[in-house]
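Shown below: structure-v3.cif, with mmCIF, C-alpha atoms.
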data_model
loop_
_atom_site.label_atom_id
_atom_site.label_comp_id
_atom_site.auth_asym_id
_atom_site.auth_seq_id
_atom_site.Cartn_x
_atom_site.Cartn_y
_atom_site.Cartn_z
CA MET V 1 124.96 109.92 130.80
CA PHE V 2 128.49 108.85 130.03
CA ALA V 3 129.50 112.09 128.32
CA ASN V 4 132.38 112.76 130.68
CA CYS V 5 133.51 109.13 130.92
CA ALA V 6 136.44 109.30 128.54
CA ALA V 7 137.72 112.61 129.88
CA SER V 8 137.50 111.40 133.46
CA TYR V 9 139.20 108.16 132.51
CA ALA V 10 141.96 110.00 130.68
CA ARG V 11 142.73 112.18 133.71
CA SER V 12 142.74 109.32 136.21
CA SER V 13 144.43 106.70 134.04
CA SER V 14 147.55 108.81 133.71
CA ARG V 15 147.90 108.56 137.50
CA GLY V 16 147.11 104.84 137.57
CA LEU V 17 143.75 105.43 139.28
CA PRO V 18 140.44 103.93 138.19
CA ALA V 19 137.97 106.31 136.54
CA LYS V 20 134.98 107.38 138.60
CA ILE V 21 131.68 108.19 136.92
CA ALA V 22 128.45 109.02 138.74
CA GLY V 23 129.81 107.47 141.91
CA GLN V 24 130.88 104.24 140.19
CA VAL V 25 134.46 103.16 139.89
CA LEU V 26 135.08 101.99 136.34
CA THR V 27 138.09 100.02 135.27
CA ARG V 28 139.49 100.18 131.77
CA ARG V 29 137.63 96.97 130.95
CA ALA V 30 134.31 98.40 132.22
CA ILE V 31 134.74 101.51 130.09
CA ALA V 32 135.39 99.39 127.01
CA THR V 33 132.27 97.35 127.78
CA LYS V 34 130.13 100.48 128.16
CA LEU V 35 131.38 101.83 124.83
CA GLY V 36 130.39 98.62 123.05
CA ASP V 37 126.95 98.41 124.69
CA ALA V 38 124.02 99.58 122.60
CA GLN V 39 121.07 101.27 124.23
CA THR V 40 118.14 98.88 124.56
CA ALA V 41 114.39 99.33 124.70
CA SER V 42 114.61 98.45 128.39
CA CYS V 43 117.07 101.33 128.96
CA ALA V 44 114.69 103.72 127.18
CA TRP V 45 111.77 102.40 129.25
CA LYS V 46 113.56 103.09 132.54
CA LYS V 47 113.86 106.78 131.58
CA SER V 48 110.46 107.05 129.89
CA CYS V 49 107.64 109.30 131.06
CA TYR V 50 105.50 106.14 130.98
CA ASN V 51 107.60 104.45 133.65
CA GLY V 52 105.85 104.72 137.00
CA ILE V 53 102.35 105.45 135.69
CA ASP V 54 99.39 103.25 134.84
CA TYR V 55 99.67 103.30 131.04
CA THR V 56 96.86 100.77 130.51
CA ILE V 57 93.13 101.12 130.00
CA GLY V 58 90.42 98.49 129.65
CA ASP V 59 89.06 98.12 126.15
CA GLU V 60 85.50 98.28 127.53
CA CYS V 61 86.11 101.82 128.89
CA THR V 62 84.83 104.79 126.95
CA VAL V 63 87.09 106.83 124.74
CA PHE V 64 86.29 109.80 126.99
CA GLU V 65 87.85 107.97 129.95
CA ALA V 66 90.92 107.20 127.84
CA ILE V 67 91.26 110.83 126.76
CA GLN V 68 91.00 111.92 130.41
CA LYS V 69 93.83 109.54 131.28
CA LEU V 70 95.97 110.72 128.35
CA ALA V 71 95.48 114.32 129.49
CA ALA V 72 96.08 113.57 133.19
CA TYR V 73 99.40 111.84 132.49
CA ASP V 74 100.30 114.08 129.53
CA VAL V 75 101.04 111.09 127.29
CA GLY V 76 100.02 110.24 123.74
CA CYS V 77 99.17 106.54 123.91
CA LEU V 78 97.73 103.89 126.22
CA VAL V 79 97.97 100.10 126.10
CA THR V 80 94.51 98.55 125.96
CA THR V 81 93.70 95.38 127.89
CA ASP V 82 90.83 92.90 127.68
CA ALA V 83 88.65 91.71 130.58
CA ASN V 84 91.42 89.27 131.62
CA GLY V 85 94.08 91.99 131.73
CA LYS V 86 95.78 90.74 128.57
CA LEU V 87 97.13 93.03 125.87
CA SER V 88 94.40 93.79 123.32
CA GLY V 89 95.97 96.76 121.51
CA VAL V 90 96.89 100.43 121.85
CA MET V 91 94.90 103.64 121.66
CA SER V 92 96.61 106.89 120.73
CA GLU V 93 95.66 110.52 120.29
CA ARG V 94 95.86 109.87 116.57
CA ASP V 95 93.18 107.15 116.91
CA TYR V 96 90.93 109.65 118.67
CA ILE V 97 91.39 112.31 116.00
CA THR V 98 90.92 110.03 113.00
CA LYS V 99 88.24 107.69 114.36
CA ILE V 100 86.16 109.92 116.64
CA ALA V 101 86.61 113.62 115.94
CA LEU V 102 86.74 113.41 112.14
CA LEU V 103 83.87 110.92 111.90
CA GLY V 104 81.54 112.86 114.18
CA LYS V 105 81.28 110.13 116.82
CA THR V 106 81.05 110.93 120.51
CA SER V 107 83.79 109.91 122.91
CA LYS V 108 81.36 109.41 125.81
CA THR V 109 79.50 106.57 124.09
CA THR V 110 82.26 104.95 122.01
CA LYS V 111 84.27 102.12 123.57
CA VAL V 112 88.07 102.07 123.41
CA LYS V 113 87.99 98.71 121.61
CA GLU V 114 86.10 100.33 118.72
CA ILE V 115 88.96 102.67 117.82
CA SER V 116 92.13 101.03 119.17
CA THR V 117 94.77 99.33 117.06
CA LYS V 118 94.18 95.63 117.69
CA VAL V 119 96.84 93.21 118.87
CA ASP V 120 96.79 91.39 115.50
CA ASN V 121 98.08 94.56 113.77
CA LEU V 122 100.25 95.72 116.65
CA ILE V 123 103.99 96.22 116.36
CA THR V 124 105.78 95.49 119.64
CA ALA V 125 109.35 95.38 120.92
CA ARG V 126 111.20 93.14 123.33
CA PRO V 127 113.07 94.74 126.25
CA ASP V 128 116.39 93.56 124.79
CA ASP V 129 115.77 95.08 121.33
CA THR V 130 118.22 97.87 120.55
CA ALA V 131 116.98 101.44 120.44
CA ASP V 132 118.01 101.58 116.77
CA ALA V 133 115.91 98.47 115.97
CA CYS V 134 112.91 100.01 117.75
CA VAL V 135 113.29 103.26 115.80
CA ALA V 136 113.40 101.24 112.57
CA LYS V 137 110.15 99.46 113.53
CA MET V 138 108.48 102.79 114.25
CA LEU V 139 109.65 104.45 111.06
CA GLY V 140 108.67 101.41 109.00
CA ARG V 141 105.06 101.60 110.18
CA ASP V 142 104.81 105.37 110.86
CA ILE V 143 103.98 104.89 114.54
CA ARG V 144 105.11 106.77 117.63
CA HIS V 145 104.75 104.20 120.43
CA LEU V 146 105.83 100.60 120.99
CA PRO V 147 104.54 98.35 123.75
CA LEU V 148 107.35 96.31 125.32
CA VAL V 149 106.35 92.66 125.49
CA ASP V 150 108.35 90.01 127.33
CA GLN V 151 107.14 86.41 127.00
CA GLY V 152 103.61 87.52 126.12
CA THR V 153 103.29 90.05 128.96
CA VAL V 154 103.33 93.82 128.52
CA VAL V 155 106.16 95.22 130.63
CA GLY V 156 106.16 98.81 129.37
CA ILE V 157 105.64 101.22 126.52
CA ILE V 158 108.14 103.55 124.86
CA SER V 159 107.72 106.54 122.61
CA ILE V 160 109.82 107.78 119.73
CA LYS V 161 111.01 110.59 122.03
CA ASP V 162 112.35 108.03 124.54
CA LEU V 163 114.26 106.26 121.78
CA VAL V 164 115.71 109.45 120.30
CA LYS V 165 117.04 110.39 123.74
CA SER V 166 118.64 106.95 124.16
CA CYS V 167 120.22 107.03 120.70
CA LEU V 168 121.59 110.54 121.31
CA GLU V 169 123.12 109.48 124.65
CA GLU V 170 124.83 106.55 122.97
CA LYS V 171 126.17 108.72 120.13
CA GLU V 172 127.33 111.43 122.54
CA TYR V 173 129.24 108.89 124.60
CA THR V 174 130.90 107.47 121.50
CA ILE V 175 131.93 110.95 120.33
CA GLN V 176 133.36 111.83 123.75
CA SER V 177 135.31 108.56 123.89
CA LEU V 178 136.75 109.06 120.42
CA ALA V 179 137.60 112.68 121.19
CA SER V 180 139.45 111.64 124.33
CA PHE V 181 141.34 109.01 122.39
CA ALA V 182 142.27 111.54 119.70
CA VAL V 183 143.89 113.86 122.26
CA GLY V 184 145.90 111.04 123.81
CA GLY V 185 143.56 110.21 126.68
CA GLY V 186 143.62 106.50 125.96
CA GLY V 187 140.00 106.34 124.89
CA HIS V 188 138.33 103.05 125.56
CA PHE V 189 140.96 100.38 125.01
CA VAL V 190 141.07 97.32 127.25
CA MET V 191 144.42 96.82 128.90
#
Show me, as structure tokens, the structure contained in the file I just sent.
Amino acid sequence: MFANCAASYARSSSRGLPAKIAGQVLTRRAIATKLGDAQTASCAWKKSCYNGIDYTIGDECTVFEAIQKLAAYDVGCLVTTDANGKLSGVMSERDYITKIALLGKTSKTTKVKEISTKVDNLITARPDDTADACVAKMLGRDIRHLPLVDQGTVVGIISIKDLVKSCLEEKEYTIQSLASFAVGGGGHFVM
């Protein structure tokens, strides 16, 4: 996203002009701020395949209905909600494989609440958590999805893929900024 920031800044700063990135005019101070900003769970959510779809399913629905929704949206996990619309857990493809397919149960008669990971055992993230902190949570529990919870309300869900993309963007921007600085472009210093 900001891969060309330092190079653009280096070219324009030598002429005393502000850098322009993706239609935004950035001053030297703004560039320094962007370099110091870490990607957050909220940033990953905004770019996630889950953003813009209904990623929830009632825990009284059948597993078959959940699998249909997973397939329709081409996602690997859904947030489960109780009768009041409150977070009750998550159900993933892995839950289906280990708790339905391998045990010989049928997805048309089994309820989502019977196989989902319950809220008591659920690992969540806050929108302001860094992408690195979210990755650490996922690796620590060997999970691939994190519901984003803000003041007790689910506001999104992110996957490990979303977080890897965010972390790579941040690292790429840092490398580009340092490379520009190394060749005399001024890098990211505040003046």
Expressed in Å to a single decimal, how great is the separation between atom CA of V:Val79 and atom CA of V:Ser92? 8.8 Å
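Atom CA of V:Asn51 is positioned 21.5 Å from atom CA of V:Ser116.
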For V:Lys46, which of V:Cys77, V:Leu139, V:Val183, V:Leu148 is the closest residue, counting all atoms listed in the file?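 Nearest candidate to V:Lys46 out of V:Cys77, V:Leu139, V:Val183, V:Leu148: V:Leu148.
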From the set V:Asp120, V:Asp142, V:Asp162, V:Asp74, which residue has the shortest atom-to-atom contact distance to V:Ala41, counting only C-alpha atoms?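 Under the stated criterion, the closest residue is V:Asp162.
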Dig up all the protein and nucleic acid residues within 10 Å of (86.8, 94.8, 124.3) in the file frame, using all atoms listed in the file, and format them as a VMD selection string. chain V and resid 58 to 61 80 to 83 88 to 89 111 to 114 116 118
Place a sphere of radius 12 Å on (99.7, 106.2, 134.0) in the file coordinates and name every protein, DNA or RNA residue with an atom inside or on its surface, counting all atoms listed in the file; give the answer as a PyMOL selection string. chain V and resi 48-57+66+68-79+156-157
Atom-to-atom span, atom CA of V:Ile160 and atom CA of V:Val135, Å: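 One can read the atom CA of V:Ile160 to atom CA of V:Val135 distance as 6.9 Å.
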Polymer residues at most 12 Å from V:Ala125, all atoms listed in the file, same-chain spacing of 5 or more positions, as a ChimeraX atom specification: /V:40-42,44-45,130-138,145-159,163
Long-range neighbours of V:Ile115 as a list in words, 8 Å cut-off, only C-alpha atoms, 3 positions minimum in chain: Met91, Asp95, Tyr96, Lys99, Ile100, Lys111 and Val112 of chain V
From the options V:Gly85, V:Lys108, V:Val90, V:Gln39, which residue's atoms come nearest to V:Tyr173, counting only C-alpha atoms?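 Among the listed residues, the smallest separation from V:Tyr173 belongs to V:Gln39.
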